[in-house]
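Shown next: run07.pdb, containing PDB, C-alpha atoms and all ligand atoms.
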```pdb
ATOM      1  CA  MET A   1      91.155 175.335 119.005
ATOM      2  CA  ARG A   2      93.115 172.341 120.283
ATOM      3  CA  LEU A   3      94.509 171.714 116.779
ATOM      4  CA  ARG A   4      95.497 175.381 116.500
ATOM      5  CA  ARG A   5      97.238 175.122 119.855
ATOM      6  CA  GLU A   6      99.171 172.012 118.799
ATOM      7  CA  LEU A   7     100.274 173.712 115.567
ATOM      8  CA  PHE A   8     101.373 176.765 117.540
ATOM      9  CA  ARG A   9     103.362 174.577 119.923
ATOM     10  CA  LEU A  10     105.106 172.717 117.068
ATOM     11  CA  LYS A  11     105.861 175.902 115.138
ATOM     12  CA  ASN A  12     107.242 177.832 118.086
ATOM     13  CA  GLN A  13     108.944 174.969 119.908
ATOM     14  CA  LYS A  14     108.119 176.418 123.273
ATOM     15  CA  PRO A  15     105.608 175.670 125.985
ATOM     16  CA  LEU A  16     102.196 177.273 125.880
ATOM     17  CA  PRO A  17     101.136 179.672 128.611
ATOM     18  CA  ASN A  18      99.390 177.966 131.520
ATOM     19  CA  ILE A  19      96.470 179.743 133.136
ATOM     20  CA  THR A  20      94.969 178.815 136.507
ATOM     21  CA  PHE A  21      91.335 179.482 137.371
ATOM     22  CA  ILE A  22      90.213 179.272 141.004
ATOM     23  CA  ASP A  23      86.532 178.562 141.635
ATOM     24  CA  PRO A  24      84.717 180.316 144.503
ATOM     25  CA  ASP A  25      85.030 177.059 146.510
ATOM     26  CA  GLY A  26      88.829 177.161 146.127
ATOM     27  CA  THR A  27      89.148 174.472 143.446
ATOM     28  CA  ARG A  28      92.112 175.243 141.167
ATOM     29  CA  ARG A  29      92.089 174.234 137.500
ATOM     30  CA  GLN A  30      94.993 174.848 135.129
ATOM     31  CA  PHE A  31      94.791 174.950 131.329
ATOM     32  CA  GLU A  32      97.090 175.635 128.418
ATOM     33  CA  ALA A  33      96.201 178.724 126.399
ATOM     34  CA  THR A  34      97.108 179.990 122.964
ATOM     35  CA  VAL A  35      98.821 183.353 122.634
ATOM     36  CA  GLY A  36      96.257 185.843 121.321
ATOM     37  CA  GLN A  37      93.261 184.213 122.949
ATOM     38  CA  THR A  38      91.363 186.199 125.527
ATOM     39  CA  LEU A  39      91.115 184.918 129.072
ATOM     40  CA  LEU A  40      87.365 184.604 128.472
ATOM     41  CA  GLU A  41      87.989 182.308 125.505
ATOM     42  CA  VAL A  42      90.380 180.143 127.516
ATOM     43  CA  GLY A  43      87.791 179.783 130.251
ATOM     44  CA  GLN A  44      84.903 179.032 127.932
ATOM     45  CA  GLU A  45      86.928 176.485 125.990
ATOM     46  CA  ASN A  46      87.590 174.611 129.221
ATOM     47  CA  GLY A  47      84.158 174.722 130.818
ATOM     48  CA  ILE A  48      84.816 177.559 133.262
ATOM     49  CA  ASP A  49      81.675 179.422 134.371
ATOM     50  CA  LEU A  50      82.254 182.633 132.399
ATOM     51  CA  GLU A  51      79.242 183.459 130.250
ATOM     52  CA  GLY A  52      80.558 186.305 128.115
ATOM     53  CA  ALA A  53      76.999 187.352 127.288
ATOM     54  CA  CYS A  54      77.944 190.394 125.211
ATOM     55  CA  GLU A  55      80.711 188.558 123.325
ATOM     56  CA  ALA A  56      83.443 190.962 124.426
ATOM     57  CA  CYS A  57      81.562 194.196 123.635
ATOM     58  CA  MET A  58      82.089 195.369 127.249
ATOM     59  CA  ALA A  59      78.387 195.546 127.962
ATOM     60  CA  CYS A  60      77.639 192.687 130.377
ATOM     61  CA  SER A  61      80.426 192.018 132.961
ATOM     62  CA  THR A  62      79.669 188.265 132.956
ATOM     63  CA  CYS A  63      83.375 187.699 132.249
ATOM     64  CA  HIS A  64      84.432 189.361 135.530
ATOM     65  CA  VAL A  65      87.477 187.744 137.136
ATOM     66  CA  ILE A  66      89.670 188.681 140.079
ATOM     67  CA  VAL A  67      93.333 188.625 139.138
ATOM     68  CA  ASP A  68      95.881 187.307 141.619
ATOM     69  CA  GLU A  69      97.728 190.218 143.286
ATOM     70  CA  GLU A  70     101.079 189.007 141.973
ATOM     71  CA  TRP A  71      99.833 189.108 138.385
ATOM     72  CA  TYR A  72      97.642 192.207 138.346
ATOM     73  CA  ALA A  73     100.435 194.726 137.667
ATOM     74  CA  ARG A  74     101.790 192.603 134.818
ATOM     75  CA  LEU A  75      98.628 192.945 132.753
ATOM     76  CA  GLU A  76      98.061 195.632 130.175
ATOM     77  CA  PRO A  77      96.212 198.434 131.987
ATOM     78  CA  SER A  78      92.424 198.597 131.793
ATOM     79  CA  SER A  79      90.894 200.985 129.284
ATOM     80  CA  GLU A  80      88.573 203.721 130.559
ATOM     81  CA  ASP A  81      85.595 201.783 129.150
ATOM     82  CA  GLU A  82      86.645 198.673 131.076
ATOM     83  CA  LYS A  83      87.066 200.696 134.277
ATOM     84  CA  ASP A  84      83.613 202.218 133.812
ATOM     85  CA  LEU A  85      82.019 198.783 133.489
ATOM     86  CA  LEU A  86      84.008 197.364 136.396
ATOM     87  CA  ASP A  87      82.597 200.122 138.606
ATOM     88  CA  LEU A  88      79.200 198.455 138.164
ATOM     89  CA  VAL A  89      80.117 194.799 138.759
ATOM     90  CA  PHE A  90      78.935 192.638 141.607
ATOM     91  CA  ASN A  91      81.738 191.659 144.069
ATOM     92  CA  LEU A  92      84.246 194.216 142.794
ATOM     93  CA  GLU A  93      87.799 193.733 144.096
ATOM     94  CA  ARG A  94      90.887 195.937 143.700
ATOM     95  CA  THR A  95      92.273 193.507 141.111
ATOM     96  CA  SER A  96      89.033 192.900 139.206
ATOM     97  CA  ARG A  97      89.233 192.748 135.425
ATOM     98  CA  LEU A  98      87.053 191.722 132.508
ATOM     99  CA  GLY A  99      88.228 188.404 131.097
ATOM    100  CA  CYS A 100      87.296 189.490 127.586
ATOM    101  CA  GLN A 101      89.858 192.303 127.800
ATOM    102  CA  ILE A 102      92.864 190.219 128.882
ATOM    103  CA  HIS A 103      94.799 188.900 125.905
ATOM    104  CA  ILE A 104      97.091 185.967 126.540
ATOM    105  CA  THR A 105     100.789 186.508 125.870
ATOM    106  CA  ASP A 106     103.834 184.360 126.599
ATOM    107  CA  GLU A 107     104.551 186.650 129.539
ATOM    108  CA  LEU A 108     101.271 185.612 131.149
ATOM    109  CA  ASP A 109     102.413 182.007 131.576
ATOM    110  CA  GLY A 110     101.387 181.172 135.148
ATOM    111  CA  LEU A 111      98.574 183.732 135.370
ATOM    112  CA  VAL A 112      96.159 183.004 138.228
ATOM    113  CA  VAL A 113      92.610 184.373 138.358
ATOM    114  CA  SER A 114      89.693 183.713 140.694
ATOM    115  CA  LEU A 115      86.035 183.610 139.810
ATOM    116  CA  PRO A 116      83.773 185.865 141.870
ATOM    117  CA  ARG A 117      80.753 184.457 143.688
ATOM    118  CA  GLY A 118      78.237 185.224 140.961
ATOM    119  CA  HIS A 119      78.099 187.519 137.986
ATOM    120  CA  LEU A 120      75.751 190.325 137.113
ATOM    121  CA  ASN A 121      74.678 190.669 133.489
ATOM    122  CA  LEU A 122      74.519 194.429 133.090
ATOM    123  CA  GLN A 123      72.711 193.985 129.773
ATOM    124  CA  ASP A 124      69.681 192.855 131.767
ATOM    125  CA  GLY A 125      69.275 196.364 133.130
TER     126      GLY A 125
HETATM  127  S1  LIG A 201      81.998 189.461 127.689
HETATM  128 FE1  LIG A 201      80.661 191.070 128.244
HETATM  129  S2  LIG A 201      81.979 192.459 129.272
HETATM  130 FE2  LIG A 201      83.282 190.808 128.747
END
```
Kindly transcribe the structure held in the file into C-alpha cells.
Ligand code: FES
Amino acid sequence: MRLRRELFRLKNQKPLPNITFIDPDGTRRQFEATVGQTLLEVGQENGIDLEGACEACMACSTCHVIVDEEWYARLEPSSEDEKDLLDLVFNLERTSRLGCQIHITDELDGLVVSLPRGHLNLQDG
C-alpha cells in the first residue's frame, strides 16, 4: 500500500489526505491515506484498533468510529443499512459511522475521528 501511495503522490503531484485517529485515552495519531481507501483500511494499515471482522459487509460494527463534529456533515450520508447497524452499536454517538463505509477523498484531508471505548461484534450474536 505504501508503494501505491507513493505512486499516487508522484502521479498527482499533490499532497495525500491526512487522517487523524484519536484513541479513547486522547492520544492523537495522524496518517496519510490514499484516495479510494476506506477509513477502516487506513486504520488497519497503521495499527489502529479497528478489527473489521466482517470485512466491510456491514455485519459486525467493529469498525465503529465517532466522527469529529466539524467533519460529520462533509461525509457522504449513511445508507439505510449503515444506519440500521449503527442503531445496534455499543457507545453510539450522534456522529457515529462505520469506518468501512467512509471512502477517502481529497476533500477529506484533515478528517478527525475518535475510537469508541470498545467495540461490539454483532456477528457474535
Ligand atoms: S467491517 Fe464490519 S461493519 Fe464495518
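Using all atoms listed in the file, the smallest distance between any of A:Lys83, A:His103, A:Arg117, A:His64 and ligand LIG 201 (chain A) comes from A:His64.
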Residues within 9 Å of ligand LIG 201 (chain A) should be enumerated using all atoms listed in the file and returned as a PyMOL selection string.
chain A and resi 40+50-64+82+85-86+98-101+121-123
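Look at Thr95 (chain A): the protein and nucleic acid residues within 10 Å of it, using all atoms listed in the file and passing over chain neighbours fewer than 6 places away, are Val65, Ile66, Val67, Asp68, Glu69, Glu70, Trp71, Tyr72, Ala73 and Val113 of chain A.
Applied to the shown file, the PyMOL selection byres (((chain A and resi 30) around 8) and not hetatm) selects the residues Asn18, Ile19, Thr20, Phe21, Arg28, Arg29, Phe31 and Glu32 of chain A.
Here CA of Val89 (chain A) stands at a distance of 10.0 Å from CA of Gly118 (chain A).
The space separating CA of Glu93 (chain A) from CA of Pro116 (chain A) comes to 9.1 Å.
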Counting all atoms listed in the file, the residue among A:Leu16, A:Leu3, A:Leu75, A:Leu39 that lies closest to Leu115 (chain A) is A:Leu39
Got a sec: who's within 10 Å of Glu45 (chain A), counting all atoms listed in the file, leaving out chain neighbours fewer than 2 positions off, as a PyMOL selection string?
chain A and resi 1-2+31+33+39-43+47-48
Reconstruct region 91-105 of chain A at the level of N, CA and C atoms, and format the result as a PDB file, keeping the file's coordinate frame.
```
ATOM      1  N   ASN A  91      80.528 192.212 143.440  1.00  0.00           N
ATOM      2  CA  ASN A  91      81.738 191.659 144.069  1.00  0.00           C
ATOM      3  C   ASN A  91      83.033 192.259 143.524  1.00  0.00           C
ATOM      4  N   LEU A  92      83.044 193.549 143.306  1.00  0.00           N
ATOM      5  CA  LEU A  92      84.246 194.216 142.794  1.00  0.00           C
ATOM      6  C   LEU A  92      85.403 194.105 143.796  1.00  0.00           C
ATOM      7  N   GLU A  93      86.573 193.779 143.285  1.00  0.00           N
ATOM      8  CA  GLU A  93      87.799 193.733 144.096  1.00  0.00           C
ATOM      9  C   GLU A  93      88.815 194.685 143.468  1.00  0.00           C
ATOM     10  N   ARG A  94      89.864 195.017 144.216  1.00  0.00           N
ATOM     11  CA  ARG A  94      90.887 195.937 143.700  1.00  0.00           C
ATOM     12  C   ARG A  94      91.536 195.408 142.422  1.00  0.00           C
ATOM     13  N   THR A  95      91.623 194.089 142.279  1.00  0.00           N
ATOM     14  CA  THR A  95      92.273 193.507 141.111  1.00  0.00           C
ATOM     15  C   THR A  95      91.266 192.912 140.116  1.00  0.00           C
ATOM     16  N   SER A  96      90.044 193.385 140.155  1.00  0.00           N
ATOM     17  CA  SER A  96      89.033 192.900 139.206  1.00  0.00           C
ATOM     18  C   SER A  96      89.367 193.321 137.786  1.00  0.00           C
ATOM     19  N   ARG A  97      89.090 192.442 136.854  1.00  0.00           N
ATOM     20  CA  ARG A  97      89.233 192.748 135.425  1.00  0.00           C
ATOM     21  C   ARG A  97      88.129 192.023 134.660  1.00  0.00           C
ATOM     22  N   LEU A  98      87.963 192.422 133.409  1.00  0.00           N
ATOM     23  CA  LEU A  98      87.053 191.722 132.508  1.00  0.00           C
ATOM     24  C   LEU A  98      87.871 190.716 131.709  1.00  0.00           C
ATOM     25  N   GLY A  99      87.472 189.458 131.782  1.00  0.00           N
ATOM     26  CA  GLY A  99      88.228 188.404 131.097  1.00  0.00           C
ATOM     27  C   GLY A  99      88.290 188.597 129.588  1.00  0.00           C
ATOM     28  N   CYS A 100      87.301 189.279 129.039  1.00  0.00           N
ATOM     29  CA  CYS A 100      87.296 189.490 127.586  1.00  0.00           C
ATOM     30  C   CYS A 100      88.317 190.536 127.164  1.00  0.00           C
ATOM     31  N   GLN A 101      88.898 191.248 128.119  1.00  0.00           N
ATOM     32  CA  GLN A 101      89.858 192.303 127.800  1.00  0.00           C
ATOM     33  C   GLN A 101      91.299 191.915 128.116  1.00  0.00           C
ATOM     34  N   ILE A 102      91.511 190.700 128.586  1.00  0.00           N
ATOM     35  CA  ILE A 102      92.864 190.219 128.882  1.00  0.00           C
ATOM     36  C   ILE A 102      93.291 189.301 127.750  1.00  0.00           C
ATOM     37  N   HIS A 103      94.302 189.699 127.020  1.00  0.00           N
ATOM     38  CA  HIS A 103      94.799 188.900 125.905  1.00  0.00           C
ATOM     39  C   HIS A 103      96.036 188.130 126.349  1.00  0.00           C
ATOM     40  N   ILE A 104      96.020 186.839 126.082  1.00  0.00           N
ATOM     41  CA  ILE A 104      97.091 185.967 126.540  1.00  0.00           C
ATOM     42  C   ILE A 104      98.368 186.214 125.735  1.00  0.00           C
ATOM     43  N   THR A 105      99.462 186.379 126.461  1.00  0.00           N
ATOM     44  CA  THR A 105     100.789 186.508 125.870  1.00  0.00           C
ATOM     45  C   THR A 105     101.702 185.477 126.536  1.00  0.00           C
TER      46      THR A 105
END
```
